[in-house]
Number of protein chains: 2
Amino acid sequence: MDKKPTLRTIAEATGFALTTVSRALSGDPRIAQTTRDTVGRFAAEVGYVPDRAAQRLRTGRTNVISLVVSAHDEILGFRGSILAGLGQSLLGTRYHITMTPYGEDTDPMQPILHILRNRLCDGVVFSGTFPDDPRVTILTDEGFPFVSHGRTTLAAPHAWCDYDNDSFAQMAVGRLVARGRRRLVLLTPPPSRTYYRHMVAGFRAACAAAGVEAIVPEQVTLSTPPAELYRYFTHGLSRRDAPDGYVCPGEVAAMAGLAALQDANVAVGGKVDVIAKQTSHVFDQYRPRIDTIYEDLRAAGETLGQLLLRRIAGEDPADLQILHAPVPNFRTAEALSTGFETA
Amino acid sequence: MDKKPTLRTIAEATGFALTTVSRALSGDPRIAQTTRDTVGRFAAEVGYVPDRAAQRLRTGRTNVISLVVSAHDEILGFRGSILAGLGQSLLGTRYHITMTPYGEDTDPMQPILHILRNRLCDGVVFSGTFPDDPRVTILTDEGFPFVSHGRTTLAAPHAWCDYDNDSFAQMAVGRLVARGRRRLVLLTPPPSRTYYRHMVAGFRAACAAAGVEAIVPEQVTLSTPPAELYRYFTHGLSRRDAPDGYVCPGEVAAMAGLAALQDANVAVGGKVDVIAKQTSHVFDQYRPRIDTIYEDLRAAGETLGQLLLRRIAGEDPADLQILHAPVPNFRTAEALSTGFETA
DNA sequence: ACAGCTATTTATAACGTTGCAAATGACCCA
DNA sequence: TGGGTCATTTGCAACGTTATAAATAGCTGT
């Protein structure tokens with residue numbers, strides 16, 4: 001493989017000046033069409049691709065997007081799905097993706113500050129948003145393009161993509177109530193997250209509207225280790241006023257619950273129902289079948305990418321806010337009776 | 001936030017020349033210890049970090065590692081786990097990670113050629129290795145540092161990290177035989193992959209040694225859609241000479257099989273056993289409990305990173321080959337009888 | 001034919017870093 | 001005193017690109 005072609009290579013071969021070649025390749029209208037064609041053709045022929053480092057040094061643009069996620073966001077492909085979607089939306093653009101993981105012990109602010117200080121990218125995507133998220137504040141103040149996965153309660157508008165957890169909870173409650181459940185439990189994310197509020201609000205509202213009991217445990221969350229969740233479920237079963245419907249907005253939590261029910265010989269769908277939020281396809285093959293509601297993380301990643309590109313292009317953040325709707329995946333009557341459903 | 005400090009900032013402030021500052025910061029022994037201290041202290045104070053683009057332009061080193069994975073490698077966090085481990089091993093080094101996904105339709109060679117042509121990184125990690133993998137050939141020829149997840153049958157040694165699928169199969173067969181199974185099926189990866197050979201070899205050898213029947217279906221693989229796998233399993237149950245043990249080296253396939261058994265009212269662990277390869281922790285919460293064998297993809301990612309760093313440092317590829325051993329996760333006697341086991 | 005255009009092209013200088021060759025000064029020994 | 005050695009520091013150039021300002025050529029209209 002011969003030496004990498006540069007602008008100089010092309011300039012010498014075509015007889016034009018360096019500047020002209022550079023302009024021609026960027027499609028500058030000041031350069032004659034014929035010249036642009038000649039240069040473009042030759043560039044394609046030798047397989048010229050601009051040197052990213054040189055471009056970056058000169059312009060300050062990095063052509064890089066950073067995905068900043070907690071090393072903790074690992075459960076069943078959260079990270080991979082977001083990443084896949086992001087990659088999809090950036091395919092064919094000049095942008096590359098770099099991953100910036102941070103440990104559970106580390107401050108979520110640290111990677112952001114590092115990026116800001118060293119201009120490591122042209123835009124940031126992050127998840128796990130808090131109501132009063134300092135990352136949003138500083139990025140907004142600096143005028144640095146970003147999109148958060150999740151909303152805040154901050155006054156200044158910023159770009160975000162979020163899942164409608166309020167609707168999710170309402171939909172889940174609606175389904176459980178339709179199946180005759182009267183004492184519902186919602187397992188929640190850690191209360192510090194913004195979406196805790198949306199989810200609990202939707203849950204309480206729907207329960208109140210339906211006139212059923214709403215139980216929101218405080219001692220366990222979706223981040224509680226599975227073994228402990230298992231015990232929580234097992235405990236609940238033996239209580240006199242045992243809950244008869246569980247909303248589990250996480251796959252691991254749902255499986256822990258289902259395991260507890262099955263180990264206690266409680267038929268799922270009989271005395272008790274469990275409804276899960278599904279971000280992978282695990283439950284498609286799970287038995288017994290349960291009702292689930294999808295959250296498409298890959299689509300979220302794709303939206304995040306698209307919004308970020310538009311933000312980088314200068315669009316108003318207030319126009320860059322997208323809420324994804326939950327998609328129910330409820331068992332059919334047939335599946336409920338036979339336990340089997342053709343895929 | 002004031003302007004980003006550069007070498008010049010430090011040079012002017014300390015009174016040393018640009019070159020001296022650069023050397024002092026890189027710990028060059030030709031620079032006096034006192035100078036190094038002064039410069040180092042001041043750099044830390046103003047928060048100097050070298051500009052990656054400039055370094056890269058000057059030295060040709062990118063300080064970037066590329067993870068090249070198929071957009072298809074998505075199932076239950078394959079990609080995320082490898083990535084997490086890779087990130088772990090690169091934490092604290094000067095390397096960043098970039099993801100280069102390629103579509104199922106695209107040639108796996110394409111991203112490699114692109115990287116090679118444009119020197120987009122200092123080292124490559126890729127997975128899904130073939131026996132006669134052209135990626136290995138070209139990267140070796142070019143002398144470009146890389147580590148493959150998986151082996152080849154090529155003569156020239158190269159750096160790799162692999163999972164011992166031969167042992168996996170033997171271990172799985174051993175367990176099934178110990179439980180009295182006599183007609184065993186191995187679901188395989190697509191035959192084009194190198195590890196297909198290892199796995200089938202281990203499976204056949206172990207079956208022969210134990211004197212049990214070895215069935216290796218050709219019409220279905222781990223990449224077959226779950227619904228079709230489901231039908232394959234259902235079909236097998238009704239045959240006169242029905243298999244009584246299934247080795248499923250993939251979580252989705254295992255769950256499809258288990259769903260088929262349960263829908264057909266065949267007790268898992270009764271007439272038939274299923275043993276799965278587990279790369280996430282889904283089966284920890286799955287009921288009925290089944291025997292599994294772990295493949296730690298996070299550890300694989302970490303090993304891949306470590307090997308790549310050593311390869312970049314110039315170590316002989318022949319010394320950079322690591323095989324990860326399977327870790328059995330078999331049900332205890334108690335769990336087998338009660339169906340319950342304390343976590 | 002000449003000023004005044006427009007269209008197109010060009011030279012030069014940076015961006016921040018590091019490799020190379022050379023310079024400076026201090027010290028030592030004859 | 002002067003040449004030689006050593007430790008330390010310095011100036012210059014270059015990596016490949018693009019922004020700025022300036023130059024050139026070709027035209028127009030009077």
# chains A, B, ... in the order shown; residues from 1 in each chain; ligands from 1
$ interface_residues --of "chain D" --to "chain A" --cutoff "7 Å" --atoms "only C-alpha atoms (C1' of nucleotides)" --output "list in words"
DG16, DT17 and DT18 of chain D
$ write_last_selection --atoms "C-alpha atoms (C1' of nucleotides)" --output "PDB file, in the first residue's frame"
ATOM      1  C1'  DG D  16      -2.068  18.158   6.685  1.00  0.00           C
ATOM      2  C1'  DT D  17      -5.459  21.143   6.793  1.00  0.00           C
ATOM      3  C1'  DT D  18      -8.187  25.663   6.201  1.00  0.00           C
TER       4       DT D  18
END
$ select_by_dssp --residues "range 84-324 of chain B" --states "strand (DSSP E or B)" --output "PDB file with C-alpha atoms, in the first residue's frame"
ATOM      1  CA  HIS B  96      -9.874   6.189  23.756  1.00  0.00           C
ATOM      2  CA  ILE B  97     -12.222   3.701  22.194  1.00  0.00           C
ATOM      3  CA  THR B  98     -14.171   4.205  19.028  1.00  0.00           C
ATOM      4  CA  MET B  99     -16.852   1.878  17.819  1.00  0.00           C
ATOM      5  CA  THR B 100     -16.958   0.962  14.187  1.00  0.00           C
ATOM      6  CA  PRO B 101     -20.106  -0.987  13.506  1.00  0.00           C
ATOM      7  CA  TYR B 102     -20.759  -2.596  10.172  1.00  0.00           C
ATOM      8  CA  GLY B 123      -4.974  -0.862  17.150  1.00  0.00           C
ATOM      9  CA  VAL B 124      -8.012  -2.930  16.254  1.00  0.00           C
ATOM     10  CA  VAL B 125     -10.178  -5.421  18.091  1.00  0.00           C
ATOM     11  CA  PHE B 126     -12.675  -7.473  16.165  1.00  0.00           C
ATOM     12  CA  SER B 127     -14.842 -10.499  16.711  1.00  0.00           C
ATOM     13  CA  PHE B 146      -4.756  -6.086  16.377  1.00  0.00           C
ATOM     14  CA  VAL B 147      -6.330  -8.735  18.540  1.00  0.00           C
ATOM     15  CA  SER B 148      -9.116 -10.966  17.351  1.00  0.00           C
ATOM     16  CA  HIS B 149     -11.819 -12.405  19.521  1.00  0.00           C
ATOM     17  CA  TRP B 160      -6.103 -13.467  20.016  1.00  0.00           C
ATOM     18  CA  CYS B 161      -8.337 -14.115  22.953  1.00  0.00           C
ATOM     19  CA  ASP B 162     -10.792 -16.941  22.668  1.00  0.00           C
ATOM     20  CA  TYR B 163     -13.234 -18.905  24.741  1.00  0.00           C
ATOM     21  CA  ARG B 183     -29.061 -38.824  22.766  1.00  0.00           C
ATOM     22  CA  LEU B 184     -27.531 -35.372  22.703  1.00  0.00           C
ATOM     23  CA  VAL B 185     -28.081 -32.450  20.355  1.00  0.00           C
ATOM     24  CA  LEU B 186     -25.630 -29.606  19.895  1.00  0.00           C
ATOM     25  CA  GLU B 213     -25.265 -40.456  20.414  1.00  0.00           C
ATOM     26  CA  ALA B 214     -24.110 -37.081  19.040  1.00  0.00           C
ATOM     27  CA  ILE B 215     -26.576 -35.146  16.920  1.00  0.00           C
ATOM     28  CA  GLY B 245     -30.264 -33.602  26.035  1.00  0.00           C
ATOM     29  CA  TYR B 246     -29.710 -30.255  24.365  1.00  0.00           C
ATOM     30  CA  VAL B 247     -26.543 -28.189  24.440  1.00  0.00           C
ATOM     31  CA  CYS B 248     -27.492 -24.592  23.666  1.00  0.00           C
ATOM     32  CA  VAL B 268     -37.268 -29.732  32.048  1.00  0.00           C
ATOM     33  CA  VAL B 272     -35.146 -33.941  28.816  1.00  0.00           C
ATOM     34  CA  ASP B 273     -32.325 -31.668  29.907  1.00  0.00           C
ATOM     35  CA  VAL B 274     -31.169 -28.390  28.460  1.00  0.00           C
ATOM     36  CA  ILE B 275     -27.792 -26.895  29.224  1.00  0.00           C
ATOM     37  CA  ALA B 276     -27.020 -23.367  28.126  1.00  0.00           C
ATOM     38  CA  LYS B 277     -24.066 -21.121  27.617  1.00  0.00           C
ATOM     39  CA  GLN B 278     -24.671 -18.027  29.648  1.00  0.00           C
ATOM     40  CA  ASP B 291     -27.539 -25.995  34.238  1.00  0.00           C
ATOM     41  CA  THR B 292     -25.453 -23.354  32.546  1.00  0.00           C
ATOM     42  CA  ILE B 293     -21.808 -22.705  31.765  1.00  0.00           C
ATOM     43  CA  TYR B 294     -20.525 -19.159  31.833  1.00  0.00           C
ATOM     44  CA  GLN B 321      -2.802 -15.752  22.846  1.00  0.00           C
ATOM     45  CA  ILE B 322      -5.166 -16.399  25.691  1.00  0.00           C
ATOM     46  CA  LEU B 323      -7.842 -19.029  26.031  1.00  0.00           C
ATOM     47  CA  HIS B 324     -10.561 -18.453  28.596  1.00  0.00           C
TER      48      HIS B 324
END
$ closest_atom_pairs --of "chain D" --to "range 3-21 of chain C" --cutoff "12 Å" --atoms "only C-alpha atoms (C1' of nucleotides)" --output "tab-separated table"
residue	atom	partner	partner_atom	distance
D:DT10	C1'	C:DA21	C1'	10.5
D:DG11	C1'	C:DA21	C1'	9.5
D:DC12	C1'	C:DC20	C1'	9.0
D:DA13	C1'	C:DC20	C1'	8.9
D:DA14	C1'	C:DG19	C1'	9.1
D:DC15	C1'	C:DT17	C1'	9.1
D:DG16	C1'	C:DC15	C1'	10.8
D:DT17	C1'	C:DC15	C1'	9.1
D:DT18	C1'	C:DA14	C1'	9.3
D:DA19	C1'	C:DA14	C1'	8.8
D:DT20	C1'	C:DA13	C1'	8.7
D:DA21	C1'	C:DT12	C1'	8.9
D:DA22	C1'	C:DA11	C1'	8.1
D:DA23	C1'	C:DT10	C1'	6.8
D:DT24	C1'	C:DT9	C1'	7.3
D:DA25	C1'	C:DT8	C1'	8.1
D:DG26	C1'	C:DA7	C1'	8.1
D:DC27	C1'	C:DT6	C1'	7.8
D:DT28	C1'	C:DC5	C1'	7.2
D:DG29	C1'	C:DG4	C1'	9.3
D:DT30	C1'	C:DA3	C1'	9.7
$ interface_residues --of "chain A" --to "chain C" --cutoff "7 Å" --atoms "only C-alpha atoms (C1' of nucleotides)" --output "list in words"
Ala17, Thr20, Arg30, Ile31, Ala32, Leu57 and Arg58 of chain A
$ write_last_selection --atoms "C-alpha atoms" --output "PDB file, in the first residue's frame"
ATOM      1  CA  ALA A  17      -2.711  25.080  -5.771  1.00  0.00           C
ATOM      2  CA  THR A  20      -7.804  25.376  -4.701  1.00  0.00           C
ATOM      3  CA  ARG A  30     -16.050  30.066  -5.895  1.00  0.00           C
ATOM      4  CA  ILE A  31     -14.177  27.277  -7.625  1.00  0.00           C
ATOM      5  CA  ALA A  32     -15.060  26.596 -11.263  1.00  0.00           C
ATOM      6  CA  LEU A  57      -6.242  20.813  14.601  1.00  0.00           C
ATOM      7  CA  ARG A  58      -7.009  23.485  12.082  1.00  0.00           C
TER       8      ARG A  58
END
$ atom_distance --atom1 "CA of Pro288 in chain B" --atom2 "CA of Leu229 in chain B"
19.3 Å
$ select_by_dssp --residues "range 98-167 of chain A" --states "alpha helix (DSSP H)" --output "list of chain:residue names"
A:Met109, A:Gln110, A:Pro111, A:Ile112, A:Leu113, A:His114, A:Ile115, A:Leu116, A:Arg117, A:Asn118, A:Pro134, A:Arg135, A:Val136, A:Thr137, A:Ile138, A:Leu139, A:Thr140, A:Asp141, A:Glu142, A:Asn165, A:Asp166, A:Ser167
$ atom_distance --atom1 "CA of Ala24 in chain B" --atom2 "CA of Gln110 in chain A"
26.8 Å
$ atom_distance --atom1 "CA of Leu90 in chain B" --atom2 "CA of Gly305 in chain B"
6.5 Å
$ residues_around --residues "Leu320 in chain A" --least-positions-apart "5" --cutoff "8 Å" --atoms "only C-alpha atoms (C1' of nucleotides)" --output "list in words"
His158, Ala159, Trp160, Leu307, Arg310, Arg311 and Glu315 of chain A
$ closest_residue --among "A:Gly128, A:Gly60, A:Pro326, A:Gly180" --to "chain B" --atoms "only C-alpha atoms"
A:Gly60
$ decode --residues "chain C" --atoms "C-alpha atoms (C1' of nucleotides)" --output "CSV table (one decimal), in the first residue's frame"
chain,number,residue,atom,x,y,z
C,1,DA,C1',-8.5,51.7,-24.5
C,2,DC,C1',-9.1,51.9,-19.7
C,3,DA,C1',-11.4,51.8,-15.3
C,4,DG,C1',-14.4,48.7,-12.9
C,5,DC,C1',-16.2,44.6,-12.5
C,6,DT,C1',-16.7,39.4,-11.6
C,7,DA,C1',-14.9,34.9,-11.6
C,8,DT,C1',-11.3,32.1,-10.4
C,9,DT,C1',-7.0,31.0,-8.4
C,10,DT,C1',-3.0,31.6,-5.4
C,11,DA,C1',0.4,32.6,-1.4
C,12,DT,C1',0.9,32.8,3.3
C,13,DA,C1',0.1,31.8,7.9
C,14,DA,C1',-1.5,29.6,11.3
C,15,DC,C1',-3.6,25.3,14.6
C,16,DG,C1',-0.2,22.6,18.9
C,17,DT,C1',2.9,19.2,18.9
C,18,DT,C1',7.5,16.7,18.6
C,19,DG,C1',12.1,15.2,16.1
C,20,DC,C1',16.4,17.0,14.7
C,21,DA,C1',20.4,19.6,14.9
C,22,DA,C1',22.6,23.0,17.1
C,23,DA,C1',23.7,26.1,20.8
C,24,DT,C1',24.8,27.4,25.5
C,25,DG,C1',27.2,27.2,29.7
C,26,DA,C1',29.6,24.8,33.4
C,27,DC,C1',33.2,22.0,34.5
C,28,DC,C1',37.5,19.4,34.1
C,29,DC,C1',42.2,18.3,32.9
C,30,DA,C1',46.6,19.2,30.8
